[in-house]
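Data block for final-v7.tsv (TSV, C-alpha atoms):
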```tsv
chain	number	residue	atom	x	y	z
W	4	SER	CA	0.00	0.00	0.00
W	5	GLN	CA	1.09	3.59	-0.56
W	6	GLN	CA	2.89	5.12	2.39
W	7	GLY	CA	2.36	8.60	1.00
W	8	GLU	CA	-0.69	10.01	-0.63
W	9	GLU	CA	-0.64	13.48	-2.07
W	10	ASP	CA	-3.63	15.73	-2.24
W	11	PRO	CA	-4.77	17.10	-4.61
W	12	GLN	CA	-3.77	14.88	-7.52
W	13	ALA	CA	-3.77	17.90	-9.83
W	14	LEU	CA	-3.71	21.62	-9.19
W	15	SER	CA	-3.90	24.56	-11.60
W	16	ILE	CA	-3.33	28.11	-10.42
W	17	GLN	CA	-2.50	31.50	-11.86
W	18	GLU	CA	1.07	32.69	-11.86
W	19	GLY	CA	1.79	34.65	-8.73
W	20	GLU	CA	-0.64	32.73	-6.54
W	21	ASN	CA	0.40	30.35	-3.79
W	22	ALA	CA	0.20	26.58	-4.25
W	23	THR	CA	-0.38	24.18	-1.37
W	24	MET	CA	0.03	20.44	-1.63
W	25	ASN	CA	-0.61	17.93	1.12
W	26	CYS	CA	0.83	14.53	1.88
W	27	SER	CA	-0.39	11.88	4.29
W	28	TYR	CA	1.47	8.79	5.40
W	29	LYS	CA	0.73	5.73	7.47
W	30	THR	CA	3.70	4.69	9.61
W	31	SER	CA	6.23	6.42	11.86
W	32	ILE	CA	8.97	8.16	9.96
W	33	ASN	CA	12.50	9.46	10.41
W	34	ASN	CA	12.12	12.17	7.84
W	35	LEU	CA	9.90	13.35	5.02
W	36	GLN	CA	11.21	14.79	1.79
W	37	TRP	CA	9.66	16.66	-1.11
W	38	TYR	CA	10.84	16.24	-4.68
W	39	ARG	CA	9.97	17.92	-7.96
W	40	GLN	CA	9.86	16.10	-11.28
W	41	ASN	CA	9.49	17.85	-14.58
W	42	SER	CA	7.79	15.84	-17.28
W	43	GLY	CA	9.96	12.98	-18.41
W	44	ARG	CA	12.89	14.07	-16.28
W	45	GLY	CA	14.63	13.05	-13.06
W	46	LEU	CA	13.80	14.09	-9.54
W	47	VAL	CA	15.08	17.24	-7.91
W	48	HIS	CA	15.34	17.28	-4.14
W	49	LEU	CA	13.53	20.28	-2.67
W	50	ILE	CA	13.54	19.99	1.09
W	51	LEU	CA	13.89	17.47	3.93
W	52	ILE	CA	12.13	17.77	7.26
W	53	ARG	CA	12.94	15.48	10.15
W	54	SER	CA	10.41	13.91	12.47
W	55	ASN	CA	11.35	16.26	15.32
W	56	GLU	CA	10.84	19.36	13.19
W	57	ARG	CA	7.55	21.11	12.58
W	58	GLU	CA	8.34	23.65	9.88
W	59	LYS	CA	11.09	24.39	7.44
W	60	HIS	CA	11.70	27.09	4.85
W	61	SER	CA	13.78	27.21	1.71
W	62	GLY	CA	13.38	30.23	-0.55
W	63	ARG	CA	9.77	30.27	-1.73
W	64	LEU	CA	9.09	26.86	-0.20
W	65	ARG	CA	7.60	26.20	3.19
W	66	VAL	CA	7.11	22.68	4.51
W	67	THR	CA	5.19	21.70	7.62
W	68	LEU	CA	5.08	18.35	9.34
W	69	ASP	CA	2.45	17.14	11.79
W	70	THR	CA	3.50	13.75	13.10
W	71	SER	CA	0.35	13.40	15.22
W	72	LYS	CA	-1.75	13.57	12.05
W	73	LYS	CA	0.89	11.88	9.90
W	74	SER	CA	0.71	14.65	7.36
W	75	SER	CA	2.85	17.25	5.68
W	76	SER	CA	2.20	20.22	3.45
W	77	LEU	CA	4.30	21.97	0.85
W	78	LEU	CA	3.58	25.62	0.16
W	79	ILE	CA	5.06	27.36	-2.87
W	80	THR	CA	4.62	31.11	-2.65
W	81	ALA	CA	4.47	33.55	-5.57
W	82	SER	CA	4.32	30.73	-8.11
W	83	ARG	CA	6.09	30.96	-11.45
W	84	ALA	CA	5.55	29.20	-14.76
W	85	ALA	CA	8.77	27.27	-14.12
W	86	ASP	CA	7.17	25.69	-11.04
W	87	THR	CA	4.96	23.60	-13.35
W	88	ALA	CA	5.89	20.01	-12.49
W	89	SER	CA	4.85	17.00	-10.48
W	90	TYR	CA	5.61	17.12	-6.77
W	91	PHE	CA	6.17	14.03	-4.67
W	92	CYS	CA	6.51	13.50	-0.97
W	93	ALA	CA	8.66	10.60	0.20
W	94	THR	CA	9.21	9.15	3.63
W	95	ALA	CA	12.15	7.34	5.19
W	96	THR	CA	11.37	5.09	8.11
W	97	ASN	CA	14.52	3.24	9.11
W	98	PHE	CA	17.76	4.55	10.50
W	99	GLY	CA	20.61	3.09	8.51
W	100	ASN	CA	18.40	2.34	5.52
W	101	GLU	CA	17.17	5.49	3.86
W	102	LYS	CA	14.98	3.82	1.25
W	103	LEU	CA	12.15	6.15	0.35
W	104	THR	CA	8.46	5.42	0.00
W	105	PHE	CA	6.91	7.81	-2.48
W	106	GLY	CA	3.41	9.12	-2.78
W	107	THR	CA	1.47	9.29	-6.00
W	108	GLY	CA	2.28	12.94	-6.64
W	109	THR	CA	0.54	16.22	-7.30
W	110	ARG	CA	0.67	17.58	-10.83
W	111	LEU	CA	0.97	21.36	-10.53
W	112	THR	CA	0.24	23.61	-13.51
W	113	ILE	CA	0.99	27.33	-13.32
W	114	ILE	CA	-1.03	29.36	-15.78
W	115	PRO	CA	0.90	32.39	-17.07
D	3	ASN	CA	20.83	15.40	-10.28
D	4	ALA	CA	23.99	16.69	-8.62
D	5	GLY	CA	26.37	14.58	-10.69
D	6	VAL	CA	24.68	11.18	-10.54
D	7	MET	CA	25.09	9.56	-13.94
D	8	GLN	CA	22.85	6.95	-15.48
D	9	ASN	CA	23.19	5.33	-18.85
D	10	PRO	CA	21.75	4.70	-21.20
D	11	ARG	CA	19.08	7.38	-20.92
D	12	HIS	CA	16.79	5.47	-23.25
D	13	LEU	CA	16.86	1.74	-23.90
D	14	VAL	CA	14.67	-0.26	-26.25
D	15	ARG	CA	14.54	-4.01	-25.96
D	16	ARG	CA	12.44	-6.75	-27.51
D	17	ARG	CA	10.68	-9.25	-25.32
D	18	GLY	CA	13.08	-11.90	-24.09
D	19	GLN	CA	16.22	-9.77	-24.34
D	20	GLU	CA	18.32	-8.56	-21.45
D	21	ALA	CA	18.42	-4.98	-20.22
D	22	ARG	CA	21.42	-3.64	-18.36
D	23	LEU	CA	21.14	-0.28	-16.64
D	24	ARG	CA	24.11	1.56	-15.16
D	25	CYS	CA	24.38	4.06	-12.36
D	26	SER	CA	27.51	5.97	-11.41
D	27	PRO	CA	27.07	7.74	-8.08
D	28	MET	CA	28.89	10.89	-7.11
D	29	LYS	CA	32.35	10.57	-5.68
D	30	GLY	CA	32.21	9.67	-2.03
D	31	HIS	CA	28.63	8.38	-2.20
D	32	SER	CA	28.83	4.70	-1.41
D	33	HIS	CA	25.11	3.98	-1.02
D	34	VAL	CA	22.95	3.35	-4.08
D	35	TYR	CA	19.18	2.91	-4.27
D	36	TRP	CA	17.25	1.82	-7.35
D	37	TYR	CA	13.65	2.83	-7.95
D	38	ARG	CA	11.15	2.11	-10.70
D	39	GLN	CA	8.49	4.50	-11.93
D	40	LEU	CA	5.60	3.31	-14.02
D	41	PRO	CA	3.79	5.90	-16.17
D	42	GLU	CA	1.74	8.39	-14.15
D	43	GLU	CA	2.83	6.82	-10.85
D	44	GLY	CA	5.25	7.56	-8.05
D	45	LEU	CA	8.57	5.82	-7.61
D	46	LYS	CA	8.76	2.38	-6.02
D	47	PHE	CA	11.84	1.21	-4.14
D	48	MET	CA	13.59	-1.82	-5.60
D	49	VAL	CA	16.98	-2.40	-3.99
D	50	TYR	CA	19.57	-0.75	-1.75
D	51	LEU	CA	23.25	-1.52	-2.18
D	52	GLN	CA	26.51	-0.48	-0.64
D	53	LYS	CA	29.82	-1.30	-2.22
D	54	GLU	CA	29.82	-5.04	-2.96
D	55	ASN	CA	26.82	-5.69	-0.70
D	56	ILE	CA	23.07	-5.88	-1.16
D	57	ILE	CA	21.52	-4.37	1.96
D	58	ASP	CA	17.82	-4.46	1.14
D	59	GLU	CA	16.25	-6.10	-1.91
D	60	SER	CA	12.71	-6.23	-0.58
D	61	GLY	CA	11.37	-4.31	-3.59
D	62	MET	CA	12.96	-6.48	-6.24
D	63	PRO	CA	10.83	-8.91	-8.23
D	64	LYS	CA	11.80	-12.46	-7.30
D	65	GLU	CA	12.76	-13.48	-10.79
D	66	ARG	CA	14.68	-11.96	-13.69
D	67	PHE	CA	15.93	-8.91	-11.76
D	68	SER	CA	19.34	-8.58	-10.17
D	69	ALA	CA	21.57	-5.76	-9.00
D	70	GLU	CA	25.19	-5.31	-8.10
D	71	PHE	CA	27.53	-2.55	-6.98
D	72	PRO	CA	31.09	-3.79	-7.44
D	73	LYS	CA	34.11	-2.36	-5.70
D	74	GLU	CA	35.13	-0.69	-8.93
D	75	GLY	CA	32.71	0.66	-11.50
D	76	PRO	CA	29.05	1.58	-11.62
D	77	SER	CA	26.07	-0.11	-10.05
D	78	ILE	CA	24.24	-2.35	-12.50
D	79	LEU	CA	20.56	-3.24	-12.56
D	80	ARG	CA	20.02	-6.23	-14.80
D	81	ILE	CA	16.69	-7.43	-16.13
D	82	GLN	CA	16.73	-10.75	-17.92
D	83	GLN	CA	14.12	-11.91	-20.43
D	84	VAL	CA	12.31	-8.59	-20.39
D	85	VAL	CA	8.54	-8.42	-20.76
D	86	ARG	CA	6.32	-5.50	-21.75
D	87	GLY	CA	5.44	-4.89	-18.12
D	88	ASP	CA	9.08	-3.99	-17.44
D	89	SER	CA	8.66	-0.81	-19.49
D	90	ALA	CA	9.23	2.00	-17.03
D	91	ALA	CA	11.67	4.66	-15.93
D	92	TYR	CA	14.40	3.34	-13.65
D	93	PHE	CA	16.12	5.78	-11.34
D	94	CYS	CA	19.09	5.38	-9.11
D	95	ALA	CA	19.82	7.59	-6.14
D	96	CYS	CA	22.91	7.88	-4.01
D	97	LEU	CA	23.85	9.30	-0.68
D	98	ARG	CA	26.91	9.76	1.42
D	99	SER	CA	27.35	7.56	4.46
D	100	GLY	CA	25.89	9.21	7.55
D	101	THR	CA	23.59	11.56	5.65
D	102	ASP	CA	19.95	11.23	4.66
D	103	THR	CA	19.46	13.20	1.45
D	104	GLN	CA	19.33	11.12	-1.71
D	105	TYR	CA	20.44	12.57	-5.03
D	106	PHE	CA	18.74	11.12	-8.05
D	107	GLY	CA	20.10	10.42	-11.48
D	108	PRO	CA	18.22	11.41	-14.65
D	109	GLY	CA	16.84	7.91	-15.09
D	110	THR	CA	16.83	5.26	-17.80
D	111	ARG	CA	13.63	4.89	-19.76
D	112	LEU	CA	13.20	1.28	-20.77
D	113	THR	CA	10.78	0.40	-23.53
D	114	VAL	CA	10.05	-3.24	-24.23
D	115	LEU	CA	8.58	-3.92	-27.65
```
Written form, structure tokens:
Amino acid sequence: SQQGEEDPQALSIQEGENATMNCSYKTSINNLQWYRQNSGRGLVHLILIRSNEREKHSGRLRVTLDTSKKSSSLLITASRAADTASYFCATATNFGNEKLTFGTGTRLTIIP
Amino acid sequence: NAGVMQNPRHLVRRRGQEARLRCSPMKGHSHVYWYRQLPEEGLKFMVYLQKENIIDESGMPKERFSAEFPKEGPSILRIQQVVRGDSAAYFCACLRSGTDTQYFGPGTRLTVL
């Protein structure tokens, strides 16, 4: 079964608006990571948040983690056309083995 | 992809042939993970290797798939007697010992005719 489930599956917004994507997971985790994937390309690591952290920022990105609800959110502020991509959350659950369990992704489209 | 190399980028095979995918991690990154991505889906973990050792192969199909990471050279994911269902993008990721951020390669897109 999927450890991570992103919500929504697809999101279209106007350039300049903020985009929020959510991720839920099922088991205890060590960390949660967000990745971006442009169509037909590899994955780009965006941000990692550890289980003892609640919020993290990187540029226009803000990630929150609520371990009691087993959920995370990714906020992209002041969106740009170049942000159009699929976004995946991924969880790591074992110390010493960082294999990631990915969600199904959110396809974000920024309308110029 | 921070210097993680995969080749070939595209591979076409006929049913029954062998596919060999290579991953060269960044210097100093001795941990390699292989993932498979089917169209319109997220990535699924296949196998985790350190130099010369398979640490976790819980995501590998029981037959036809094998992986290695020799002391010298790239990590190899081998698929024998490919079938159409093997068509997917295969990604490797690496990390440095003691860290937890994985860096992904650009992937190999395998098409089985």
message = Report as an NGL selection string all protein, DNA and RNA residues lying within 6 Å of stretch 32-46 of chain W, evaluated on only C-alpha atoms, omitting residues in the same chain fewer than 6 positions from it.
response = (:W and (52-54 or 88-96)) or (:D and (106 or 108-109))
Per residue of chain D within 12 Å of chain W, which atom pair is closest and at what distance in Å (one decimal), using only C-alpha atoms, listed by chain and increasing number, as a tab-separated table?
```
residue	atom	partner	partner_atom	distance
D:Asn3	CA	W:Val47	CA	6.5
D:Ala4	CA	W:Val47	CA	9.0
D:Gly5	CA	W:Val47	CA	11.9
D:Val6	CA	W:Gly45	CA	10.5
D:Met7	CA	W:Gly45	CA	11.1
D:Gln8	CA	W:Gly45	CA	10.5
D:Arg11	CA	W:Arg44	CA	10.2
D:His12	CA	W:Gly43	CA	11.2
D:His33	CA	W:Glu101	CA	9.4
D:Val34	CA	W:Lys102	CA	9.6
D:Tyr35	CA	W:Lys102	CA	7.0
D:Trp36	CA	W:Lys102	CA	9.1
D:Tyr37	CA	W:Leu103	CA	9.1
D:Arg38	CA	W:Phe105	CA	10.9
D:Gln39	CA	W:Phe105	CA	10.1
D:Leu40	CA	W:Thr107	CA	10.8
D:Pro41	CA	W:Gly43	CA	9.7
D:Glu42	CA	W:Thr107	CA	8.2
D:Glu43	CA	W:Thr107	CA	5.6
D:Gly44	CA	W:Thr107	CA	4.6
D:Leu45	CA	W:Phe105	CA	5.7
D:Lys46	CA	W:Phe105	CA	6.7
D:Phe47	CA	W:Leu103	CA	6.7
D:Met48	CA	W:Lys102	CA	9.0
D:Val49	CA	W:Lys102	CA	8.4
D:Tyr50	CA	W:Lys102	CA	7.1
D:Leu51	CA	W:Asn100	CA	9.9
D:Gln52	CA	W:Asn100	CA	10.6
D:Ile56	CA	W:Asn100	CA	11.6
D:Ile57	CA	W:Asn100	CA	8.2
D:Asp58	CA	W:Asn100	CA	8.1
D:Glu59	CA	W:Lys102	CA	10.5
D:Ser60	CA	W:Lys102	CA	10.5
D:Gly61	CA	W:Lys102	CA	10.1
D:Ala90	CA	W:Gly43	CA	11.1
D:Ala91	CA	W:Gly43	CA	8.8
D:Tyr92	CA	W:Gly45	CA	9.7
D:Phe93	CA	W:Gly45	CA	7.6
D:Cys94	CA	W:Gly45	CA	9.7
D:Ala95	CA	W:Leu46	CA	9.5
D:Cys96	CA	W:Glu101	CA	10.0
D:Leu97	CA	W:Glu101	CA	8.9
D:Arg98	CA	W:Glu101	CA	10.9
D:Ser99	CA	W:Gly99	CA	9.0
D:Gly100	CA	W:Gly99	CA	8.1
D:Thr101	CA	W:Glu101	CA	9.0
D:Asp102	CA	W:Glu101	CA	6.4
D:Thr103	CA	W:Leu51	CA	7.4
D:Gln104	CA	W:His48	CA	7.7
D:Tyr105	CA	W:His48	CA	7.0
D:Phe106	CA	W:Leu46	CA	6.0
D:Gly107	CA	W:Gly45	CA	6.3
D:Pro108	CA	W:Gly45	CA	4.3
D:Gly109	CA	W:Gly45	CA	6.0
D:Thr110	CA	W:Gly45	CA	9.4
D:Arg111	CA	W:Gly43	CA	9.0
```
message = Just want the 9 Å neighbourhood of D:Pro72, counted on only C-alpha atoms, with same-chain residues fewer than 6 positions away dropped. Output as a PyMOL selection string.
response = chain D and resi 52-55+78
Residue contacts of D:Ser89 (7 Å, only C-alpha atoms) excluding same-chain residues fewer than 6 positions away, as a list in words = Leu112, Thr113 and Val114 of chain D
Okay, now the selection with C-alpha atoms, as an mmCIF file, in the coordinates of the input?
```
data_model
loop_
_atom_site.group_PDB
_atom_site.id
_atom_site.type_symbol
_atom_site.label_atom_id
_atom_site.label_comp_id
_atom_site.auth_asym_id
_atom_site.auth_seq_id
_atom_site.Cartn_x
_atom_site.Cartn_y
_atom_site.Cartn_z
ATOM 1 C CA LEU D 112 13.200 1.280 -20.770
ATOM 2 C CA THR D 113 10.780 0.400 -23.530
ATOM 3 C CA VAL D 114 10.050 -3.240 -24.230
#
```
inquiry  = Could you tell me how far atom CA of W:Asn21 sits from atom CA of W:Pro115, in Å to one decimal place?
reply    =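 Distance reported for this atom pair: 13.4 Å.
Nearest to W:Lys29 of all the residues W:Thr80, W:Ser74, W:Asn97, W:Thr112 is W:Ser74, based on all atoms listed in the file.
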task = Go ahead and compute the interatomic distance for atom CA of W:Arg57 and atom CA of W:Pro11, in Å to one decimal.
result =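 Separation between atom CA of W:Arg57 and atom CA of W:Pro11: 21.5 Å.
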Which residues, written as a PDB file with C-alpha atoms, in the frame of the given file, have at least one atom at most 9 Å from W:Ser75, with all atoms listed in the file counted and residues fewer than 2 positions away on the same chain left out?
```
ATOM      1  CA  MET W  24       0.030  20.440  -1.630  1.00  0.00           C
ATOM      2  CA  ASN W  25      -0.610  17.930   1.120  1.00  0.00           C
ATOM      3  CA  CYS W  26       0.830  14.530   1.880  1.00  0.00           C
ATOM      4  CA  SER W  27      -0.390  11.880   4.290  1.00  0.00           C
ATOM      5  CA  TYR W  28       1.470   8.790   5.400  1.00  0.00           C
ATOM      6  CA  LEU W  35       9.900  13.350   5.020  1.00  0.00           C
ATOM      7  CA  VAL W  66       7.110  22.680   4.510  1.00  0.00           C
ATOM      8  CA  THR W  67       5.190  21.700   7.620  1.00  0.00           C
ATOM      9  CA  LEU W  68       5.080  18.350   9.340  1.00  0.00           C
ATOM     10  CA  ASP W  69       2.450  17.140  11.790  1.00  0.00           C
ATOM     11  CA  THR W  70       3.500  13.750  13.100  1.00  0.00           C
ATOM     12  CA  LYS W  72      -1.750  13.570  12.050  1.00  0.00           C
ATOM     13  CA  LYS W  73       0.890  11.880   9.900  1.00  0.00           C
ATOM     14  CA  LEU W  77       4.300  21.970   0.850  1.00  0.00           C
ATOM     15  CA  CYS W  92       6.510  13.500  -0.970  1.00  0.00           C
TER      16      CYS W  92
END
```
query = So how far away is atom CA of D:Val14 from atom CA of D:Gly75, in Å?
reply =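 Going from atom CA of D:Gly75 over to atom CA of D:Val14, I get 23.3 Å.
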Using 3 Å of padding on each side, determine the axis-aligned box around all atoms of stretch 38-52 of chain D present in the file and give its centre and edge lengths in Å to one decimal, as AutoDock Vina command-line options.
```
--center_x 14.1 --center_y 3.0 --center_z -8.4 --size_x 30.8 --size_y 16.8 --size_z 21.5
```
query = Pick the closest to D:Arg66 from D:Asn9, D:Gln19, D:Arg24, D:Leu115: which is it, counting all atoms listed in the file?
reply =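 Nearest to D:Arg66: D:Gln19.
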